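Have a look at the structure below, then the notes.
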Amino acid sequence: MMMEDWRDALKGLVPDDGVRDDREPLQSDADAVGQAAQKGPVHISLERKGRGGKTATIIYDFTIADADLRNLAAEMKRALGCGGSARGGEILVQGERVADCRRFLEARGYKVK
């Protein structure tokens, strides 16, 4: 009985015409500011040394603000389904994800080398 109430409540939130809206969301102001502040391309490299034999993808040469870098890293980690960190103008992504990181950044307007 409780499941039916939950489903009825959600029916009012979704249009019943069967059409999905797959358009890209508008770019937020924070993303636009971060990309506008980026001067020049970013670089991607792989590192294994000092990481216990594990591979890490490093993206460096960002010139955006640290807050924008952290937001970009969080969005990237969610999109790629992996861990990582952002500090000191670099984003570290766990694993060998060079191609995935390149596609993600290029889709958001960054030049990647």
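We name chains A, B, ... following the order of the structure tokens; residues begin at 1 in each chain, and ligands are numbered from 1 as shown.
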
Inset, instruction - List the neighbours of segment 38-42 of chain A out to 12 Å using only C-alpha atoms; skip same-chain residues closer than 4 positions along the sequence, and give me the result as a PyMOL selection string. - result: chain A and resi 31-34+58-66+68-69+89-91+101-102+105-106+108-113

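Straight-line separation from atom CA of Ala67 of chain A to atom CA of Thr55 of chain A: 25.7 Å.
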
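Reported to one decimal place, the separation of atom CA of Arg70 of chain A from atom CA of Gly88 of chain A is 10.2 Å.
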
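Pairwise distance (atom CA of Gly50 of chain A, atom CA of Leu72 of chain A) equals 25.2 Å.
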
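Proximity to Leu92 of chain A was assessed for A:Arg51, A:Leu10, A:Thr57, A:Asp5 counting only C-alpha atoms; the smallest distance is recorded for A:Thr57.
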
Skip segment 93-96 of chain A itself and residues of its chain fewer than 3 positions away, then list as a PDB file with N, CA, C and O atoms, in the first residue's frame all residues within 10 Å of it, counting only C-alpha atoms.
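Full text of selection07.pdb as output:
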ATOM      1  N   SER A  45      49.019  13.390 -18.258  1.00  0.00           N
ATOM      2  CA  SER A  45      50.100  12.401 -18.225  1.00  0.00           C
ATOM      3  C   SER A  45      49.723  11.262 -17.273  1.00  0.00           C
ATOM      4  O   SER A  45      48.807  11.391 -16.469  1.00  0.00           O
ATOM      5  N   LEU A  46      50.448  10.153 -17.396  1.00  0.00           N
ATOM      6  CA  LEU A  46      50.273   9.004 -16.510  1.00  0.00           C
ATOM      7  C   LEU A  46      51.458   8.930 -15.575  1.00  0.00           C
ATOM      8  O   LEU A  46      52.593   9.195 -15.976  1.00  0.00           O
ATOM      9  N   GLU A  47      51.203   8.557 -14.323  1.00  0.00           N
ATOM     10  CA  GLU A  47      52.274   8.367 -13.342  1.00  0.00           C
ATOM     11  C   GLU A  47      52.077   7.045 -12.638  1.00  0.00           C
ATOM     12  O   GLU A  47      50.956   6.660 -12.326  1.00  0.00           O
ATOM     13  N   ARG A  48      53.207   6.368 -12.360  1.00  0.00           N
ATOM     14  CA  ARG A  48      53.169   5.144 -11.560  1.00  0.00           C
ATOM     15  C   ARG A  48      54.135   5.210 -10.382  1.00  0.00           C
ATOM     16  O   ARG A  48      53.966   4.502  -9.415  1.00  0.00           O
ATOM     17  N   LYS A  54      50.409   1.576  -8.537  1.00  0.00           N
ATOM     18  CA  LYS A  54      49.101   1.925  -9.110  1.00  0.00           C
ATOM     19  C   LYS A  54      49.253   3.096 -10.075  1.00  0.00           C
ATOM     20  O   LYS A  54      50.066   3.977  -9.871  1.00  0.00           O
ATOM     21  N   THR A  55      48.451   3.089 -11.094  1.00  0.00           N
ATOM     22  CA  THR A  55      48.506   4.127 -12.121  1.00  0.00           C
ATOM     23  C   THR A  55      47.578   5.276 -11.750  1.00  0.00           C
ATOM     24  O   THR A  55      46.477   5.064 -11.257  1.00  0.00           O
ATOM     25  N   ALA A  56      48.033   6.495 -12.028  1.00  0.00           N
ATOM     26  CA  ALA A  56      47.217   7.688 -11.814  1.00  0.00           C
ATOM     27  C   ALA A  56      47.324   8.577 -13.048  1.00  0.00           C
ATOM     28  O   ALA A  56      48.397   8.715 -13.640  1.00  0.00           O
ATOM     29  N   THR A  57      46.217   9.171 -13.444  1.00  0.00           N
ATOM     30  CA  THR A  57      46.187  10.120 -14.547  1.00  0.00           C
ATOM     31  C   THR A  57      46.257  11.514 -13.943  1.00  0.00           C
ATOM     32  O   THR A  57      45.458  11.860 -13.080  1.00  0.00           O
ATOM     33  N   ILE A  58      47.241  12.290 -14.383  1.00  0.00           N
ATOM     34  CA  ILE A  58      47.451  13.641 -13.858  1.00  0.00           C
ATOM     35  C   ILE A  58      47.110  14.649 -14.954  1.00  0.00           C
ATOM     36  O   ILE A  58      47.622  14.552 -16.069  1.00  0.00           O
ATOM     37  N   ILE A  59      46.258  15.610 -14.618  1.00  0.00           N
ATOM     38  CA  ILE A  59      45.910  16.691 -15.541  1.00  0.00           C
ATOM     39  C   ILE A  59      46.449  17.969 -14.918  1.00  0.00           C
ATOM     40  O   ILE A  59      46.090  18.304 -13.790  1.00  0.00           O
ATOM     41  N   ALA A  73      36.950  18.906 -10.881  1.00  0.00           N
ATOM     42  CA  ALA A  73      37.423  17.574 -10.497  1.00  0.00           C
ATOM     43  C   ALA A  73      36.280  16.732  -9.953  1.00  0.00           C
ATOM     44  O   ALA A  73      36.161  15.546 -10.285  1.00  0.00           O
ATOM     45  N   MET A  76      34.160  15.655 -12.841  1.00  0.00           N
ATOM     46  CA  MET A  76      34.872  14.658 -13.630  1.00  0.00           C
ATOM     47  C   MET A  76      34.844  13.292 -12.944  1.00  0.00           C
ATOM     48  O   MET A  76      34.586  12.266 -13.582  1.00  0.00           O
ATOM     49  N   LYS A  77      35.082  13.269 -11.645  1.00  0.00           N
ATOM     50  CA  LYS A  77      35.084  12.000 -10.911  1.00  0.00           C
ATOM     51  C   LYS A  77      33.713  11.350 -10.942  1.00  0.00           C
ATOM     52  O   LYS A  77      33.601  10.138 -11.096  1.00  0.00           O
ATOM     53  N   LEU A  80      33.179   9.963 -14.564  1.00  0.00           N
ATOM     54  CA  LEU A  80      34.019   8.814 -14.888  1.00  0.00           C
ATOM     55  C   LEU A  80      33.844   7.661 -13.916  1.00  0.00           C
ATOM     56  O   LEU A  80      34.302   6.551 -14.186  1.00  0.00           O
ATOM     57  N   GLY A  81      33.222   7.918 -12.784  1.00  0.00           N
ATOM     58  CA  GLY A  81      33.018   6.860 -11.797  1.00  0.00           C
ATOM     59  C   GLY A  81      34.310   6.394 -11.166  1.00  0.00           C
ATOM     60  O   GLY A  81      34.532   5.195 -11.026  1.00  0.00           O
ATOM     61  N   CYS A  82      35.160   7.333 -10.792  1.00  0.00           N
ATOM     62  CA  CYS A  82      36.442   6.968 -10.193  1.00  0.00           C
ATOM     63  C   CYS A  82      36.795   7.962  -9.090  1.00  0.00           C
ATOM     64  O   CYS A  82      36.121   8.956  -8.897  1.00  0.00           O
ATOM     65  N   GLY A  83      37.871   7.688  -8.393  1.00  0.00           N
ATOM     66  CA  GLY A  83      38.337   8.564  -7.333  1.00  0.00           C
ATOM     67  C   GLY A  83      39.402   9.506  -7.846  1.00  0.00           C
ATOM     68  O   GLY A  83      39.859   9.414  -8.974  1.00  0.00           O
ATOM     69  N   GLY A  84      39.816  10.408  -6.985  1.00  0.00           N
ATOM     70  CA  GLY A  84      40.863  11.350  -7.348  1.00  0.00           C
ATOM     71  C   GLY A  84      40.875  12.537  -6.406  1.00  0.00           C
ATOM     72  O   GLY A  84      40.220  12.531  -5.365  1.00  0.00           O
ATOM     73  N   SER A  85      41.636  13.555  -6.793  1.00  0.00           N
ATOM     74  CA  SER A  85      41.743  14.758  -5.972  1.00  0.00           C
ATOM     75  C   SER A  85      42.124  15.939  -6.857  1.00  0.00           C
ATOM     76  O   SER A  85      42.515  15.762  -8.008  1.00  0.00           O
ATOM     77  N   ALA A  86      42.033  17.138  -6.288  1.00  0.00           N
ATOM     78  CA  ALA A  86      42.426  18.361  -6.986  1.00  0.00           C
ATOM     79  C   ALA A  86      43.150  19.253  -6.013  1.00  0.00           C
ATOM     80  O   ALA A  86      42.625  19.561  -4.946  1.00  0.00           O
ATOM     81  N   GLU A  90      46.358  21.004 -10.228  1.00  0.00           N
ATOM     82  CA  GLU A  90      46.344  19.684 -10.853  1.00  0.00           C
ATOM     83  C   GLU A  90      45.105  18.913 -10.432  1.00  0.00           C
ATOM     84  O   GLU A  90      44.583  19.101  -9.342  1.00  0.00           O
ATOM     85  N   ALA A  99      42.191   8.832 -22.095  1.00  0.00           N
ATOM     86  CA  ALA A  99      41.201   9.078 -23.158  1.00  0.00           C
ATOM     87  C   ALA A  99      39.898   9.604 -22.581  1.00  0.00           C
ATOM     88  O   ALA A  99      39.281  10.528 -23.145  1.00  0.00           O
ATOM     89  N   ASP A 100      39.462   9.042 -21.453  1.00  0.00           N
ATOM     90  CA  ASP A 100      38.218   9.493 -20.830  1.00  0.00           C
ATOM     91  C   ASP A 100      38.321  10.931 -20.350  1.00  0.00           C
ATOM     92  O   ASP A 100      37.402  11.734 -20.536  1.00  0.00           O
ATOM     93  N   CYS A 101      39.449  11.272 -19.732  1.00  0.00           N
ATOM     94  CA  CYS A 101      39.652  12.647 -19.242  1.00  0.00           C
ATOM     95  C   CYS A 101      39.708  13.626 -20.410  1.00  0.00           C
ATOM     96  O   CYS A 101      39.159  14.722 -20.329  1.00  0.00           O
TER      97      CYS A 101
END

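For segment 53-86 of chain A, the set of residues given alpha helix (DSSP H) by DSSP on the backbone reads A:Asp66, A:Ala67, A:Asp68, A:Leu69, A:Arg70, A:Asn71, A:Leu72, A:Ala73, A:Ala74, A:Glu75, A:Met76, A:Lys77, A:Arg78, A:Ala79, A:Leu80.
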
Could the residues in this selection be saved with all heavy atoms as an mmCIF file, in the first residue's frame?
data_model
loop_
_atom_site.group_PDB
_atom_site.id
_atom_site.type_symbol
_atom_site.label_atom_id
_atom_site.label_comp_id
_atom_site.auth_asym_id
_atom_site.auth_seq_id
_atom_site.Cartn_x
_atom_site.Cartn_y
_atom_site.Cartn_z
ATOM 1 N N ASP A 66 41.169 27.846 -7.647
ATOM 2 C CA ASP A 66 41.151 26.566 -6.940
ATOM 3 C C ASP A 66 39.734 26.045 -6.720
ATOM 4 O O ASP A 66 39.483 24.842 -6.835
ATOM 5 C CB ASP A 66 41.871 26.687 -5.590
ATOM 6 C CG ASP A 66 43.384 26.741 -5.749
ATOM 7 O OD1 ASP A 66 43.889 26.305 -6.808
ATOM 8 O OD2 ASP A 66 44.053 27.205 -4.811
ATOM 9 N N ALA A 67 38.795 26.922 -6.414
ATOM 10 C CA ALA A 67 37.411 26.492 -6.201
ATOM 11 C C ALA A 67 36.826 25.917 -7.491
ATOM 12 O O ALA A 67 36.137 24.885 -7.477
ATOM 13 C CB ALA A 67 36.554 27.647 -5.707
ATOM 14 N N ASP A 68 37.106 26.567 -8.628
ATOM 15 C CA ASP A 68 36.634 26.062 -9.916
ATOM 16 C C ASP A 68 37.296 24.735 -10.256
ATOM 17 O O ASP A 68 36.662 23.836 -10.812
ATOM 18 C CB ASP A 68 36.909 27.079 -11.027
ATOM 19 C CG ASP A 68 36.093 28.353 -10.882
ATOM 20 O OD1 ASP A 68 35.000 28.280 -10.293
ATOM 21 O OD2 ASP A 68 36.554 29.404 -11.363
ATOM 22 N N LEU A 69 38.564 24.601 -9.898
ATOM 23 C CA LEU A 69 39.292 23.354 -10.147
ATOM 24 C C LEU A 69 38.696 22.207 -9.332
ATOM 25 O O LEU A 69 38.494 21.102 -9.845
ATOM 26 C CB LEU A 69 40.777 23.534 -9.814
ATOM 27 C CG LEU A 69 41.672 22.342 -10.123
ATOM 28 C CD1 LEU A 69 41.756 22.098 -11.618
ATOM 29 C CD2 LEU A 69 43.062 22.569 -9.554
ATOM 30 N N ARG A 70 38.381 22.467 -8.073
ATOM 31 C CA ARG A 70 37.762 21.435 -7.228
ATOM 32 C C ARG A 70 36.395 21.020 -7.774
ATOM 33 O O ARG A 70 36.052 19.840 -7.797
ATOM 34 C CB ARG A 70 37.636 21.922 -5.787
ATOM 35 C CG ARG A 70 38.962 21.896 -5.023
ATOM 36 C CD ARG A 70 38.747 22.127 -3.542
ATOM 37 N NE ARG A 70 38.127 23.416 -3.242
ATOM 38 C CZ ARG A 70 38.795 24.549 -3.077
ATOM 39 N NH1 ARG A 70 40.111 24.559 -3.135
ATOM 40 N NH2 ARG A 70 38.153 25.667 -2.803
ATOM 41 N N ASN A 71 35.607 22.001 -8.236
ATOM 42 C CA ASN A 71 34.294 21.686 -8.807
ATOM 43 C C ASN A 71 34.429 20.870 -10.091
ATOM 44 O O ASN A 71 33.681 19.917 -10.307
ATOM 45 C CB ASN A 71 33.507 22.972 -9.093
ATOM 46 C CG ASN A 71 33.082 23.680 -7.837
ATOM 47 O OD1 ASN A 71 32.966 23.069 -6.781
ATOM 48 N ND2 ASN A 71 32.858 24.977 -7.940
ATOM 49 N N LEU A 72 35.392 21.235 -10.934
ATOM 50 C CA LEU A 72 35.632 20.489 -12.167
ATOM 51 C C LEU A 72 36.076 19.066 -11.855
ATOM 52 O O LEU A 72 35.604 18.108 -12.477
ATOM 53 C CB LEU A 72 36.688 21.199 -13.021
ATOM 54 C CG LEU A 72 37.048 20.526 -14.338
ATOM 55 C CD1 LEU A 72 35.847 20.522 -15.282
ATOM 56 C CD2 LEU A 72 38.228 21.229 -14.982
ATOM 57 N N ALA A 73 36.950 18.906 -10.881
ATOM 58 C CA ALA A 73 37.423 17.574 -10.497
ATOM 59 C C ALA A 73 36.280 16.732 -9.953
ATOM 60 O O ALA A 73 36.161 15.546 -10.285
ATOM 61 C CB ALA A 73 38.540 17.686 -9.458
ATOM 62 N N ALA A 74 35.422 17.317 -9.143
ATOM 63 C CA ALA A 74 34.286 16.579 -8.588
ATOM 64 C C ALA A 74 33.343 16.130 -9.698
ATOM 65 O O ALA A 74 32.880 14.983 -9.712
ATOM 66 C CB ALA A 74 33.547 17.441 -7.571
ATOM 67 N N GLU A 75 33.084 17.009 -10.645
ATOM 68 C CA GLU A 75 32.220 16.665 -11.770
ATOM 69 C C GLU A 75 32.855 15.566 -12.625
ATOM 70 O O GLU A 75 32.176 14.627 -13.055
ATOM 71 C CB GLU A 75 31.975 17.918 -12.614
ATOM 72 C CG GLU A 75 31.005 17.718 -13.737
ATOM 73 C CD GLU A 75 30.812 18.978 -14.563
ATOM 74 O OE1 GLU A 75 31.186 20.078 -14.117
ATOM 75 O OE2 GLU A 75 30.274 18.842 -15.678
ATOM 76 N N MET A 76 34.160 15.655 -12.841
ATOM 77 C CA MET A 76 34.872 14.658 -13.630
ATOM 78 C C MET A 76 34.844 13.292 -12.944
ATOM 79 O O MET A 76 34.586 12.266 -13.582
ATOM 80 C CB MET A 76 36.326 15.090 -13.859
ATOM 81 C CG MET A 76 37.119 14.121 -14.720
ATOM 82 S SD MET A 76 38.849 14.584 -14.925
ATOM 83 C CE MET A 76 38.692 16.094 -15.829
ATOM 84 N N LYS A 77 35.082 13.269 -11.645
ATOM 85 C CA LYS A 77 35.084 12.000 -10.911
ATOM 86 C C LYS A 77 33.713 11.350 -10.942
ATOM 87 O O LYS A 77 33.601 10.138 -11.096
ATOM 88 C CB LYS A 77 35.552 12.216 -9.468
ATOM 89 C CG LYS A 77 37.023 12.608 -9.374
ATOM 90 C CD LYS A 77 37.510 12.683 -7.956
ATOM 91 C CE LYS A 77 36.744 13.668 -7.124
ATOM 92 N NZ LYS A 77 37.230 13.779 -5.752
ATOM 93 N N ARG A 78 32.659 12.150 -10.832
ATOM 94 C CA ARG A 78 31.301 11.601 -10.917
ATOM 95 C C ARG A 78 31.032 11.038 -12.300
ATOM 96 O O ARG A 78 30.463 9.952 -12.455
ATOM 97 C CB ARG A 78 30.253 12.669 -10.602
ATOM 98 C CG ARG A 78 29.935 12.815 -9.143
ATOM 99 C CD ARG A 78 28.706 13.674 -8.936
ATOM 100 N NE ARG A 78 28.811 14.999 -9.514
ATOM 101 C CZ ARG A 78 29.362 16.044 -8.923
ATOM 102 N NH1 ARG A 78 29.866 15.927 -7.722
ATOM 103 N NH2 ARG A 78 29.408 17.213 -9.527
ATOM 104 N N ALA A 79 31.432 11.774 -13.341
ATOM 105 C CA ALA A 79 31.173 11.348 -14.715
ATOM 106 C C ALA A 79 31.946 10.077 -15.065
ATOM 107 O O ALA A 79 31.434 9.211 -15.770
ATOM 108 C CB ALA A 79 31.535 12.462 -15.687
ATOM 109 N N LEU A 80 33.179 9.963 -14.564
ATOM 110 C CA LEU A 80 34.019 8.814 -14.888
ATOM 111 C C LEU A 80 33.844 7.661 -13.916
ATOM 112 O O LEU A 80 34.302 6.551 -14.186
ATOM 113 C CB LEU A 80 35.500 9.221 -14.919
ATOM 114 C CG LEU A 80 35.885 10.305 -15.929
ATOM 115 C CD1 LEU A 80 37.372 10.596 -15.837
ATOM 116 C CD2 LEU A 80 35.500 9.910 -17.336
#
